[in-house]
$ cat final.csv   # CSV, C-alpha atoms
chain,number,residue,atom,x,y,z
E,8,MET,CA,53.4,-148.6,-21.7
E,9,THR,CA,52.3,-151.8,-23.4
E,10,GLN,CA,55.2,-153.7,-24.9
E,11,ALA,CA,55.3,-154.6,-28.6
E,12,CYS,CA,55.6,-158.3,-29.3
E,13,GLY,CA,58.5,-159.6,-31.2
E,14,GLY,CA,59.3,-156.3,-32.9
E,15,SER,CA,56.3,-156.8,-35.3
E,16,GLY,CA,54.5,-153.7,-34.1
E,17,ARG,CA,51.7,-155.6,-32.6
E,18,LEU,CA,51.0,-155.0,-29.0
E,19,ALA,CA,51.2,-157.7,-26.3
E,20,ALA,CA,47.7,-156.8,-25.2
E,21,VAL,CA,46.4,-157.3,-28.7
E,22,ASP,CA,48.1,-160.7,-28.9
E,23,ALA,CA,46.5,-161.6,-25.5
E,24,VAL,CA,43.1,-160.8,-26.9
E,25,ARG,CA,43.9,-163.0,-29.9
E,26,GLY,CA,45.0,-165.7,-27.4
E,27,LEU,CA,41.6,-165.4,-25.7
E,28,ALA,CA,40.0,-165.8,-29.1
E,29,VAL,CA,42.0,-169.0,-29.6
E,30,LEU,CA,40.7,-170.3,-26.3
E,31,GLY,CA,37.2,-169.3,-27.3
E,32,MET,CA,37.7,-171.3,-30.5
E,33,PHE,CA,38.7,-174.3,-28.5
E,34,ALA,CA,35.6,-173.9,-26.3
E,35,VAL,CA,33.3,-174.0,-29.3
E,36,HIS,CA,35.2,-176.8,-31.1
E,37,VAL,CA,36.0,-179.2,-28.3
E,38,GLY,CA,33.9,-178.1,-25.3
E,39,PRO,CA,30.4,-179.2,-24.4
E,40,GLY,CA,27.4,-177.7,-26.1
E,41,PRO,CA,26.5,-174.0,-25.3
E,42,ARG,CA,24.0,-174.2,-22.5
E,43,PRO,CA,22.9,-171.1,-20.7
E,44,GLU,CA,23.4,-172.5,-17.2
E,45,GLY,CA,26.4,-172.5,-14.8
E,46,ALA,CA,29.7,-173.0,-16.5
E,47,GLY,CA,27.9,-173.4,-19.8
E,48,TYR,CA,27.7,-169.6,-20.1
E,49,LEU,CA,31.4,-169.7,-20.9
E,50,ILE,CA,30.6,-171.6,-24.1
E,51,VAL,CA,27.7,-169.4,-24.8
E,52,ALA,CA,30.0,-166.3,-24.6
E,53,ALA,CA,32.5,-167.9,-27.0
E,54,ASP,CA,29.9,-169.2,-29.5
E,55,GLY,CA,29.9,-167.0,-32.6
E,56,ARG,CA,32.2,-164.4,-31.0
E,57,ALA,CA,35.5,-166.2,-31.5
E,58,PRO,CA,35.6,-166.0,-35.3
E,59,ALA,CA,34.3,-162.4,-35.1
E,60,LEU,CA,37.0,-161.5,-32.7
E,61,PHE,CA,39.7,-163.0,-34.9
E,62,THR,CA,38.4,-161.1,-37.9
E,63,LEU,CA,38.2,-157.8,-36.0
E,64,LEU,CA,41.8,-158.3,-34.8
E,65,ALA,CA,43.0,-158.8,-38.3
E,66,GLY,CA,41.9,-155.3,-39.2
E,67,PHE,CA,43.2,-153.9,-36.0
E,68,SER,CA,46.6,-155.4,-36.6
E,69,LEU,CA,46.7,-154.0,-40.1
E,70,ALA,CA,46.2,-150.6,-38.6
E,71,LEU,CA,48.9,-151.1,-36.0
E,72,ALA,CA,51.4,-152.3,-38.7
E,73,GLN,CA,50.8,-149.0,-40.6
E,74,ARG,CA,51.0,-146.7,-37.6
E,75,GLY,CA,53.8,-144.3,-37.8
E,76,ARG,CA,54.7,-145.1,-41.4
E,77,THR,CA,54.6,-142.3,-43.8
E,78,PRO,CA,53.6,-142.9,-47.5
E,79,ALA,CA,57.3,-142.7,-48.5
E,80,GLU,CA,58.1,-145.5,-46.1
E,81,ARG,CA,55.5,-147.9,-47.5
E,82,PRO,CA,56.6,-150.4,-50.1
E,83,ASP,CA,56.8,-149.0,-53.6
E,84,GLY,CA,56.3,-150.9,-56.9
E,85,TRP,CA,54.1,-153.9,-57.7
E,86,ALA,CA,56.6,-156.5,-56.4
E,87,HIS,CA,57.2,-155.0,-53.0
E,88,ARG,CA,53.6,-153.9,-52.5
E,89,TYR,CA,51.4,-156.8,-53.7
E,90,ARG,CA,53.5,-159.9,-54.2
E,91,PRO,CA,54.1,-160.6,-50.5
E,92,LEU,CA,50.4,-160.1,-49.9
E,93,LEU,CA,49.4,-162.5,-52.7
E,94,ILE,CA,51.9,-165.1,-51.4
E,95,ARG,CA,50.5,-164.8,-47.8
E,96,CYS,CA,47.0,-165.2,-49.0
E,97,ALA,CA,47.9,-168.1,-51.3
E,98,VAL,CA,49.5,-169.9,-48.3
E,99,LEU,CA,46.4,-169.2,-46.1
E,100,ALA,CA,44.0,-170.4,-48.8
E,101,GLY,CA,46.1,-173.6,-49.4
E,102,LEU,CA,46.1,-174.4,-45.7
E,103,GLY,CA,42.4,-173.8,-45.5
E,104,LEU,CA,41.7,-176.1,-48.4
E,105,LEU,CA,44.0,-178.8,-47.0
E,106,LEU,CA,42.4,-178.7,-43.6
E,107,ALA,CA,38.9,-178.8,-45.1
E,108,ALA,CA,39.9,-181.9,-47.1
E,109,LEU,CA,41.0,-183.6,-43.9
E,110,TRP,CA,37.6,-182.8,-42.3
E,111,PRO,CA,38.5,-182.0,-38.7
E,112,GLY,CA,34.8,-181.5,-37.9
E,113,ILE,CA,35.0,-177.7,-37.9
E,114,LEU,CA,34.3,-175.0,-40.4
E,115,VAL,CA,37.9,-173.9,-41.4
E,116,ILE,CA,38.2,-170.1,-41.7
E,117,LEU,CA,41.6,-169.8,-43.3
E,118,ALA,CA,40.5,-169.6,-46.9
E,119,PHE,CA,38.1,-166.9,-46.0
E,120,PHE,CA,40.9,-165.0,-44.2
E,121,ALA,CA,42.9,-165.0,-47.4
E,122,VAL,CA,40.0,-163.2,-49.1
E,123,TYR,CA,39.7,-160.7,-46.2
E,124,PHE,CA,43.3,-159.7,-46.5
E,125,LEU,CA,43.1,-159.3,-50.3
E,126,ALA,CA,40.0,-157.2,-50.0
E,127,ALA,CA,41.5,-155.0,-47.2
E,128,GLU,CA,44.5,-153.8,-49.1
E,129,PRO,CA,42.8,-150.9,-50.9
E,130,PHE,CA,41.0,-149.8,-47.8
E,131,THR,CA,44.3,-149.5,-45.9
E,132,ARG,CA,45.1,-146.5,-48.2
E,133,LEU,CA,41.9,-144.6,-47.4
E,134,PRO,CA,42.0,-141.4,-45.2
E,135,THR,CA,40.8,-142.2,-41.7
E,136,PRO,CA,37.5,-140.3,-41.9
E,137,VAL,CA,36.6,-142.0,-45.2
E,138,LEU,CA,37.6,-145.4,-43.8
E,139,THR,CA,35.5,-144.9,-40.7
E,140,ALA,CA,32.4,-143.9,-42.8
E,141,VAL,CA,32.9,-146.9,-45.0
E,142,ALA,CA,33.2,-149.3,-42.0
E,143,GLY,CA,30.0,-147.9,-40.6
E,144,VAL,CA,28.1,-148.4,-43.9
E,145,SER,CA,29.5,-151.9,-44.3
E,146,VAL,CA,28.0,-153.1,-41.0
E,147,VAL,CA,24.6,-152.6,-42.5
E,148,ALA,CA,25.3,-153.1,-46.2
E,149,GLY,CA,27.1,-156.4,-45.8
E,150,PRO,CA,24.3,-158.3,-44.0
E,151,LEU,CA,21.7,-156.6,-46.2
E,152,LEU,CA,23.5,-157.8,-49.3
E,153,SER,CA,23.5,-161.3,-47.9
E,154,PHE,CA,19.8,-161.1,-47.2
E,155,LEU,CA,18.9,-159.8,-50.6
E,156,LEU,CA,21.1,-161.9,-52.8
E,157,GLY,CA,20.4,-165.2,-51.0
E,158,PRO,CA,17.3,-165.9,-53.1
E,159,VAL,CA,19.1,-164.8,-56.3
E,160,PHE,CA,21.5,-167.7,-55.8
E,161,GLY,CA,18.9,-170.2,-54.7
E,162,TYR,CA,19.6,-170.0,-51.0
E,163,GLU,CA,16.6,-168.3,-49.6
E,164,ALA,CA,15.8,-170.8,-46.7
E,165,SER,CA,18.8,-173.2,-46.5
E,166,GLY,CA,21.9,-174.5,-48.1
E,167,ARG,CA,24.4,-171.8,-46.9
E,168,GLY,CA,27.3,-172.1,-44.5
E,169,ALA,CA,29.7,-174.3,-46.5
E,170,VAL,CA,33.5,-174.2,-46.5
E,171,PRO,CA,35.4,-174.5,-49.8
E,172,GLY,CA,37.4,-177.7,-50.3
E,173,PRO,CA,39.9,-178.8,-52.9
E,174,ALA,CA,37.4,-181.2,-54.5
E,175,SER,CA,35.4,-178.2,-55.7
E,176,LEU,CA,38.3,-176.9,-57.7
E,177,THR,CA,38.2,-179.5,-60.4
E,178,GLY,CA,35.9,-177.7,-62.8
E,179,TRP,CA,34.5,-174.3,-63.7
E,180,ASP,CA,31.2,-175.0,-61.9
E,181,GLY,CA,33.1,-175.8,-58.8
E,182,LEU,CA,35.3,-172.7,-59.1
E,183,GLY,CA,32.1,-170.6,-59.4
E,184,ARG,CA,30.6,-172.3,-56.3
E,185,VAL,CA,33.8,-171.7,-54.3
E,186,LEU,CA,33.8,-168.0,-55.3
E,187,CYS,CA,30.2,-167.7,-54.3
E,188,GLU,CA,30.9,-169.4,-50.9
E,189,LEU,CA,33.9,-167.1,-50.2
E,190,LEU,CA,32.0,-163.9,-51.0
E,191,LEU,CA,28.4,-164.5,-50.0
E,192,THR,CA,27.1,-168.0,-49.0
E,193,GLY,CA,29.9,-169.7,-47.1
E,194,ALA,CA,30.4,-170.1,-43.4
E,195,TYR,CA,32.4,-166.8,-43.0
E,196,PRO,CA,31.7,-164.9,-46.3
E,197,LEU,CA,33.2,-161.6,-47.2
E,198,ALA,CA,29.7,-159.9,-47.2
E,199,THR,CA,29.1,-160.4,-43.5
E,200,TYR,CA,32.6,-160.8,-42.0
E,201,PHE,CA,34.6,-158.2,-43.8
E,202,PRO,CA,32.8,-155.4,-41.8
E,203,TYR,CA,34.7,-156.7,-38.8
E,204,VAL,CA,38.0,-156.1,-40.7
E,205,LEU,CA,37.0,-152.5,-41.6
E,206,VAL,CA,35.8,-151.7,-38.1
E,207,GLY,CA,39.1,-153.1,-36.6
E,208,LEU,CA,41.1,-151.1,-39.2
E,209,ALA,CA,39.2,-147.9,-38.4
E,210,ALA,CA,39.5,-148.5,-34.6
E,211,GLY,CA,43.2,-149.1,-34.9
E,212,ARG,CA,43.5,-145.8,-36.8
E,213,LEU,CA,41.4,-143.8,-34.3
E,214,LEU,CA,42.7,-145.1,-31.0
E,215,ASP,CA,46.2,-146.2,-29.9
E,216,PRO,CA,45.9,-148.8,-27.1
E,217,ARG,CA,49.5,-148.0,-26.0
E,218,GLU,CA,48.1,-144.7,-24.6
E,219,ARG,CA,46.2,-145.2,-21.4
E,220,ARG,CA,43.5,-142.7,-22.3
E,221,ASP,CA,42.9,-144.3,-25.7
E,222,ALA,CA,42.7,-147.7,-24.1
E,223,GLY,CA,40.1,-146.5,-21.6
E,224,ARG,CA,38.1,-144.9,-24.4
E,225,MET,CA,38.3,-148.1,-26.4
E,226,ALA,CA,37.0,-150.2,-23.5
E,227,LEU,CA,34.2,-147.7,-22.8
E,228,TRP,CA,33.0,-147.2,-26.3
E,229,GLY,CA,33.3,-150.9,-27.0
E,230,ALA,CA,31.1,-151.7,-24.0
E,231,VAL,CA,28.5,-149.1,-25.2
E,232,ALA,CA,28.5,-150.6,-28.7
E,233,ALA,CA,28.0,-154.1,-27.3
E,234,ALA,CA,25.1,-153.0,-25.1
E,235,ALA,CA,23.6,-151.1,-28.0
E,236,GLY,CA,23.8,-154.0,-30.4
E,237,TYR,CA,22.6,-156.8,-28.2
E,238,GLY,CA,20.1,-154.5,-26.4
E,239,ALA,CA,18.5,-153.4,-29.6
E,240,ALA,CA,18.2,-157.0,-30.7
E,241,TRP,CA,16.5,-157.9,-27.4
E,242,VAL,CA,14.0,-155.1,-27.8
E,243,ALA,CA,13.2,-156.1,-31.3
E,244,ALA,CA,12.8,-159.8,-30.3
E,245,HIS,CA,10.6,-159.4,-27.2
E,246,PRO,CA,8.9,-156.0,-26.7
E,247,LEU,CA,8.4,-155.5,-30.4
E,248,GLY,CA,7.4,-159.2,-31.1
E,249,GLY,CA,10.1,-160.1,-33.6
E,250,ARG,CA,10.7,-163.5,-32.1
E,251,GLU,CA,7.1,-164.5,-32.3
E,252,ARG,CA,7.0,-163.5,-36.0
E,253,LEU,CA,10.2,-165.5,-36.6
E,254,LEU,CA,8.7,-168.6,-35.0
E,255,ASP,CA,5.7,-168.2,-37.4
E,256,VAL,CA,8.1,-167.9,-40.3
E,257,ILE,CA,10.1,-170.9,-39.1
E,258,ALA,CA,6.9,-173.0,-39.0
E,259,ALA,CA,6.2,-172.1,-42.6
E,260,ARG,CA,9.7,-172.0,-44.2
E,261,HIS,CA,12.0,-173.9,-41.8
E,262,PRO,CA,9.8,-176.7,-40.4
E,263,GLU,CA,12.9,-179.0,-39.8
E,264,ALA,CA,13.9,-176.6,-36.9
E,265,LEU,CA,10.7,-176.7,-35.0
E,266,GLY,CA,11.8,-179.7,-32.8
E,267,ALA,CA,14.8,-177.9,-31.5
E,268,ALA,CA,15.0,-176.3,-28.1
E,269,ASP,CA,15.5,-172.9,-29.8
E,270,PRO,CA,14.2,-173.0,-33.3
E,271,VAL,CA,15.7,-169.5,-34.1
E,272,ARG,CA,19.2,-170.7,-33.2
E,273,GLU,CA,18.7,-174.0,-35.0
E,274,VAL,CA,18.0,-172.1,-38.3
E,275,LEU,CA,21.0,-169.8,-37.8
E,276,GLY,CA,23.2,-172.8,-37.0
E,277,GLY,CA,22.5,-174.1,-40.5
E,278,GLN,CA,23.2,-170.7,-42.1
E,279,PHE,CA,26.3,-169.5,-40.2
E,280,GLY,CA,27.6,-166.4,-41.9
E,281,ALA,CA,24.6,-165.8,-44.1
E,282,VAL,CA,21.4,-164.1,-43.1
E,283,PRO,CA,18.3,-166.2,-43.8
E,284,SER,CA,16.2,-164.5,-46.5
E,285,THR,CA,12.7,-165.7,-45.4
E,286,SER,CA,11.8,-162.6,-43.2
E,287,TRP,CA,13.1,-159.1,-42.6
E,288,ASP,CA,13.0,-159.9,-38.9
E,289,TRP,CA,16.1,-162.0,-39.3
E,290,LEU,CA,18.0,-158.7,-39.8
E,291,LEU,CA,17.1,-157.7,-36.2
E,292,VAL,CA,18.4,-160.6,-34.3
E,293,ALA,CA,21.9,-160.9,-32.6
E,294,ASP,CA,22.1,-164.6,-32.0
E,295,PRO,CA,25.5,-166.4,-32.6
E,296,TYR,CA,26.4,-166.7,-36.3
E,297,SER,CA,23.4,-164.5,-37.4
E,298,GLN,CA,25.8,-161.9,-38.7
E,299,THR,CA,23.2,-159.2,-38.8
E,300,PRO,CA,24.0,-155.5,-38.3
E,301,LEU,CA,23.1,-155.8,-34.6
E,302,GLU,CA,25.2,-158.8,-34.0
E,303,THR,CA,28.1,-157.3,-35.8
E,304,ILE,CA,27.8,-154.1,-33.7
E,305,GLY,CA,27.6,-156.2,-30.5
E,306,ASN,CA,30.5,-158.5,-31.4
E,307,ALA,CA,32.7,-155.7,-32.6
E,308,GLY,CA,31.9,-153.8,-29.3
E,309,VAL,CA,33.0,-156.8,-27.3
E,310,GLY,CA,36.2,-157.1,-29.2
E,311,CYS,CA,37.1,-153.4,-28.9
E,312,ALA,CA,36.2,-153.5,-25.1
E,313,LEU,CA,38.5,-156.5,-24.7
E,314,ILE,CA,41.4,-154.8,-26.5
E,315,GLY,CA,40.9,-151.7,-24.3
E,316,LEU,CA,40.7,-153.6,-21.1
E,317,PHE,CA,43.7,-155.8,-21.8
E,318,ALA,CA,45.7,-152.7,-22.9
E,319,LEU,CA,44.8,-151.1,-19.6
E,320,ALA,CA,45.8,-154.2,-17.7
E,321,ALA,CA,49.1,-154.3,-19.5
E,322,HIS,CA,50.1,-150.9,-18.1
E,323,GLY,CA,50.6,-152.5,-14.7
E,324,ARG,CA,53.3,-155.0,-13.9
E,325,ALA,CA,50.9,-157.6,-12.5
E,326,GLY,CA,48.5,-157.3,-15.4
E,327,ALA,CA,51.3,-157.6,-17.9
E,328,ARG,CA,52.4,-160.9,-16.2
E,329,LEU,CA,48.9,-162.2,-16.3
E,330,LEU,CA,48.6,-161.4,-20.0
E,331,GLY,CA,51.9,-163.3,-20.8
E,332,PRO,CA,50.5,-166.8,-21.4
E,333,PRO,CA,47.5,-165.7,-23.6
E,334,ALA,CA,49.8,-163.3,-25.4
E,335,ALA,CA,52.2,-166.1,-26.2
E,336,LEU,CA,49.4,-168.2,-27.6
E,337,GLY,CA,47.9,-165.2,-29.6
E,338,ALA,CA,51.3,-164.5,-31.1
E,339,MET,CA,51.2,-167.9,-32.8
E,340,ALA,CA,47.5,-168.1,-33.4
E,341,LEU,CA,47.9,-169.5,-36.9
E,342,SER,CA,50.1,-172.4,-35.7
E,343,ALA,CA,47.7,-173.1,-32.9
E,344,TYR,CA,44.7,-173.1,-35.2
E,345,VAL,CA,46.3,-175.4,-37.8
E,346,LEU,CA,47.6,-177.8,-35.1
E,347,HIS,CA,44.3,-178.0,-33.3
E,348,ALA,CA,42.5,-178.7,-36.6
E,349,LEU,CA,45.0,-181.5,-37.4
E,350,VAL,CA,44.4,-183.0,-33.9
E,351,LEU,CA,40.7,-182.8,-34.4
E,352,ALA,CA,41.0,-184.5,-37.8
E,353,GLY,CA,42.8,-187.4,-36.1
E,354,PRO,CA,42.9,-188.5,-32.5
E,355,ALA,CA,40.5,-186.0,-31.0
E,356,HIS,CA,37.9,-186.2,-33.8
E,357,GLY,CA,34.4,-185.6,-32.3
E,358,ALA,CA,35.7,-184.5,-28.9
E,359,GLY,CA,33.2,-182.4,-26.9
E,360,SER,CA,33.7,-182.2,-23.1
E,361,TRP,CA,35.1,-180.0,-20.4
E,362,GLY,CA,38.0,-182.4,-20.1
E,363,ALA,CA,38.9,-182.1,-23.8
E,364,LEU,CA,38.6,-178.3,-23.5
E,365,ALA,CA,40.9,-178.2,-20.5
E,366,ALA,CA,43.4,-180.4,-22.2
E,367,PHE,CA,43.5,-178.3,-25.4
E,368,ALA,CA,43.7,-175.0,-23.5
E,369,GLY,CA,46.3,-176.2,-21.0
E,370,VAL,CA,48.6,-177.8,-23.6
E,371,ALA,CA,48.3,-174.8,-26.0
E,372,LEU,CA,49.1,-172.2,-23.3
E,373,ALA,CA,52.0,-174.1,-21.9
E,374,ALA,CA,53.4,-175.0,-25.3
E,375,ALA,CA,53.2,-171.4,-26.6
E,376,TRP,CA,54.8,-170.0,-23.5
E,377,ALA,CA,57.6,-172.6,-23.6
E,378,TRP,CA,58.1,-172.0,-27.4
E,379,GLN,CA,58.4,-168.3,-27.0
E,380,HIS,CA,60.9,-168.6,-24.1
E,381,PHE,CA,63.0,-171.3,-25.9
E,382,TRP,CA,63.1,-169.2,-29.1
E,383,ALA,CA,63.3,-165.8,-27.4
E,384,ASP,CA,66.1,-164.5,-29.5
E,385,SER,CA,65.0,-166.1,-32.8
E,386,PRO,CA,62.6,-165.1,-35.5
E,387,LEU,CA,60.9,-168.4,-34.7
E,388,ARG,CA,59.6,-166.8,-31.5
E,389,ARG,CA,56.3,-165.9,-33.1
E,390,GLY,CA,55.5,-169.5,-34.1
E,391,PRO,CA,56.7,-172.0,-36.7
E,392,LEU,CA,53.9,-171.4,-39.3
E,393,GLU,CA,54.1,-167.6,-38.7
E,394,HIS,CA,57.8,-167.7,-39.4
E,395,LEU,CA,57.4,-169.9,-42.6
E,396,LEU,CA,54.7,-167.5,-43.8
E,397,ARG,CA,57.0,-164.5,-43.3
E,398,LEU,CA,59.9,-166.3,-45.1
E,399,ALA,CA,57.6,-167.1,-48.0
E,400,ALA,CA,56.5,-163.5,-48.3
E,401,GLN,CA,60.0,-162.2,-48.1
E,402,GLY,CA,61.1,-164.6,-50.8
E,403,GLY,CA,58.4,-163.1,-52.9
E,404,GLY,CA,59.7,-159.6,-52.6
E,405,GLY,CA,58.7,-158.7,-49.0
E,406,ARG,CA,61.0,-156.5,-46.9
$ encode --input "final.csv" --output "structure tokens"
Amino acid sequence: MTQACGGSGRLAAVDAVRGLAVLGMFAVHVGPGPRPEGAGYLIVAADGRAPALFTLLAGFSLALAQRGRTPAERPDGWAHRYRPLLIRCAVLAGLGLLLAALWPGILVILAFFAVYFLAAEPFTRLPTPVLTAVAGVSVVAGPLLSFLLGPVFGYEASGRGAVPGPASLTGWDGLGRVLCELLLTGAYPLATYFPYVLVGLAAGRLLDPRERRDAGRMALWGAVAAAAGYGAAWVAAHPLGGRERLLDVIAARHPEALGAADPVREVLGGQFGAVPSTSWDWLLVADPYSQTPLETIGNAGVGCALIGLFALAAHGRAGARLLGPPAALGAMALSAYVLHALVLAGPAHGAGSWGALAAFAGVALAAAWAWQHFWADSPLRRGPLEHLLRLAAQGGGGR
């Protein structure tokens, strides 16, 4: 049986997957560029999937936190139900704005996560069949909304992929722009990333990774979904000629990308979480940060497969020991994220090498492991920022 971590109801295997996502984030932020050769495939594998995996795990963890709780056991009244959530989201948004102001050279996701958690609350109360159907529809509807509304806001070919900063909050125009970025045009907008939360929430309701059979099913169906998403995109791009049509569109609408080694990825690299609105063929790619239905299916499949595989590994003693260091890192993912952003905003700004990646990963794994052992019998075990966030929420009426 997989062990719960810190009494929070989250499984050690899930924390280990989150720890892997942290390492993937390091790979993208401080590793060398993603080149499809040799060790470069590790960066390619992490590119675009790390934020998707974090977001999927957010929904999955919400489902685990609810598991086994009857409606009568859930918080009742406005204060106990919503105030802790609002406080947590306010803290996350504040941290995101602060880090964005420091400019660590990365696209800070925390403000977007605050919006995800706010948006997820009503969905946590849906019956499982309805939630599953809504999650499936969102995988298509979210990217389609991004594609259709881009031109309405003047972002048909470029200009998307921004991160809100505090300087934008000084006037009504700035507030409107921030809201648009959080919902539709930013680097990780609700339209294209919230489907991961819903898929994770539905998966956590349908399958319990503490059960070996469910863990196996999760690994199998995740692998099938990944193969289906990425495979369908490959068929659309090559046998069906989608890539050639996109290259023609790029020549006409995105000429600045023609000099890149891969013009398609160059365009997507400037859009991030938004789907370019210059051709319907964009909706059939699955490249990193394209956030199309096919990439969402593929990325969600990878995430579910990893949860299932790690849960299976945790059933054995040797596997549980191997998962210990990444699980310790994953348990304090928020602290690791903020600290790495602060380091990137200062002494390691612009880092991008295998040496930098090894240093970040090694220090983070060792520090998280040491922290959890030193504070083994303390609420601080889950990480300093995690503990402060919990205290803030409890002070606002949490239980």
$ residues_around --input "final.csv" --residues "Arg389 (chain E)" --least-positions-apart "6" --cutoff "12 Å" --atoms "only C-alpha atoms" --output "list of chain:residue names"
E:Cys12, E:Gly13, E:Gly14, E:Ser15, E:Arg17, E:Ala19, E:Asp22, E:Ala334, E:Ala335, E:Leu336, E:Gly337, E:Ala338, E:Met339, E:Ala340, E:Leu341, E:Ser342, E:Ala343, E:Ala375, E:Trp376, E:Ala377, E:Trp378, E:Gln379, E:His380, E:Phe381, E:Trp382, E:Ala383, E:Leu395, E:Leu396, E:Arg397
$ atom_distance --input "final.csv" --atom1 "CA of Gly193 (chain E)" --atom2 "CA of Phe120 (chain E)"
12.3 Å
$ closest_residue --input "final.csv" --among "E:Leu329, E:Leu398, E:Ala210, E:Ile314" --to "Ala20 (chain E)" --atoms "only C-alpha atoms"
E:Ile314
$ closest_atom_pairs --input "final.csv" --of "region 71-143 of chain E" --to "region 350-367 of chain E" --cutoff "8 Å" --atoms "all atoms listed in the file" --output "Markdown table"
| residue | atom | partner | partner_atom | distance |
| --- | --- | --- | --- | --- |
| E:Leu109 | CA | E:Ala352 | CA | 6.2 |
| E:Trp110 | CA | E:Ala352 | CA | 5.9 |
| E:Pro111 | CA | E:Ala352 | CA | 3.6 |
| E:Gly112 | CA | E:Ala352 | CA | 6.9 |
$ residues_around --input "final.csv" --residues "Arg260 (chain E)" --least-positions-apart "3" --cutoff "9 Å" --atoms "only C-alpha atoms" --output "PyMOL selection string"
chain E and resi 164+255-257+263+285
$ residues_around --input "final.csv" --residues "Val282 (chain E)" --least-positions-apart "6" --cutoff "8 Å" --atoms "all atoms listed in the file" --output "list in words"
Pro150, Ser153, Phe154, Leu275, Trp289, Leu290, Ser297, Gln298 and Thr299 of chain E
$ atom_distance --input "final.csv" --atom1 "CA of Ala121 (chain E)" --atom2 "CA of Tyr200 (chain E)"
12.4 Å
$ closest_residue --input "final.csv" --among "E:Ala169, E:Leu346, E:Ala243, E:Ala23" --to "Ala321 (chain E)" --atoms "all atoms listed in the file"
E:Ala23
$ closest_residue --input "final.csv" --among "E:Ala244, E:Ala371, E:Ala239, E:Leu114" --to "Gly277 (chain E)" --atoms "only C-alpha atoms"
E:Leu114
$ residues_around --input "final.csv" --residues "Arg74 (chain E)" --least-positions-apart "4" --cutoff "10 Å" --atoms "only C-alpha atoms" --output "PyMOL selection string"
chain E and resi 16+68-70+211-212+215
$ atom_distance --input "final.csv" --atom1 "CA of Glu163 (chain E)" --atom2 "CA of Gln278 (chain E)"
10.3 Å
$ closest_residue --input "final.csv" --among "E:Val370, E:Val274, E:Leu227, E:Val37" --to "Ile113 (chain E)" --atoms "only C-alpha atoms"
E:Val37
$ decode --input "final.csv" --residues "region 356-369 of chain E" --atoms "N, CA and C atoms" --output "CSV table (one decimal), in the first residue's frame"
chain,number,residue,atom,x,y,z
E,356,HIS,N,20.9,34.0,-12.9
E,356,HIS,CA,20.2,34.6,-14.0
E,356,HIS,C,20.8,34.3,-15.4
E,357,GLY,N,20.0,33.7,-16.3
E,357,GLY,CA,20.6,33.4,-17.6
E,357,GLY,C,21.3,32.0,-17.7
E,358,ALA,N,21.2,31.2,-16.6
E,358,ALA,CA,21.9,29.9,-16.6
E,358,ALA,C,21.3,29.0,-17.6
E,359,GLY,N,22.1,28.2,-18.3
E,359,GLY,CA,21.5,27.3,-19.3
E,359,GLY,C,22.6,26.3,-19.7
E,360,SER,N,22.8,25.3,-18.8
E,360,SER,CA,23.8,24.3,-19.1
E,360,SER,C,23.5,23.0,-18.4
E,361,TRP,N,24.2,21.9,-18.7
E,361,TRP,CA,24.0,20.7,-18.0
E,361,TRP,C,24.5,20.8,-16.6
E,362,GLY,N,25.6,21.6,-16.4
E,362,GLY,CA,26.2,21.8,-15.1
E,362,GLY,C,25.2,22.5,-14.2
E,363,ALA,N,24.5,23.5,-14.7
E,363,ALA,CA,23.5,24.3,-13.9
E,363,ALA,C,22.4,23.4,-13.6
E,364,LEU,N,21.9,22.6,-14.5
E,364,LEU,CA,20.8,21.6,-14.2
E,364,LEU,C,21.2,20.6,-13.2
E,365,ALA,N,22.4,20.1,-13.2
E,365,ALA,CA,22.8,19.1,-12.2
E,365,ALA,C,22.9,19.8,-10.8
E,366,ALA,N,23.4,21.0,-10.8
E,366,ALA,CA,23.5,21.7,-9.5
E,366,ALA,C,22.1,22.0,-8.9
E,367,PHE,N,21.2,22.5,-9.7
E,367,PHE,CA,19.8,22.8,-9.2
E,367,PHE,C,19.2,21.5,-8.8
E,368,ALA,N,19.2,20.4,-9.6
E,368,ALA,CA,18.6,19.2,-9.2
E,368,ALA,C,19.2,18.6,-8.0
E,369,GLY,N,20.5,18.5,-7.9
E,369,GLY,CA,21.2,17.9,-6.8
E,369,GLY,C,20.9,18.6,-5.5
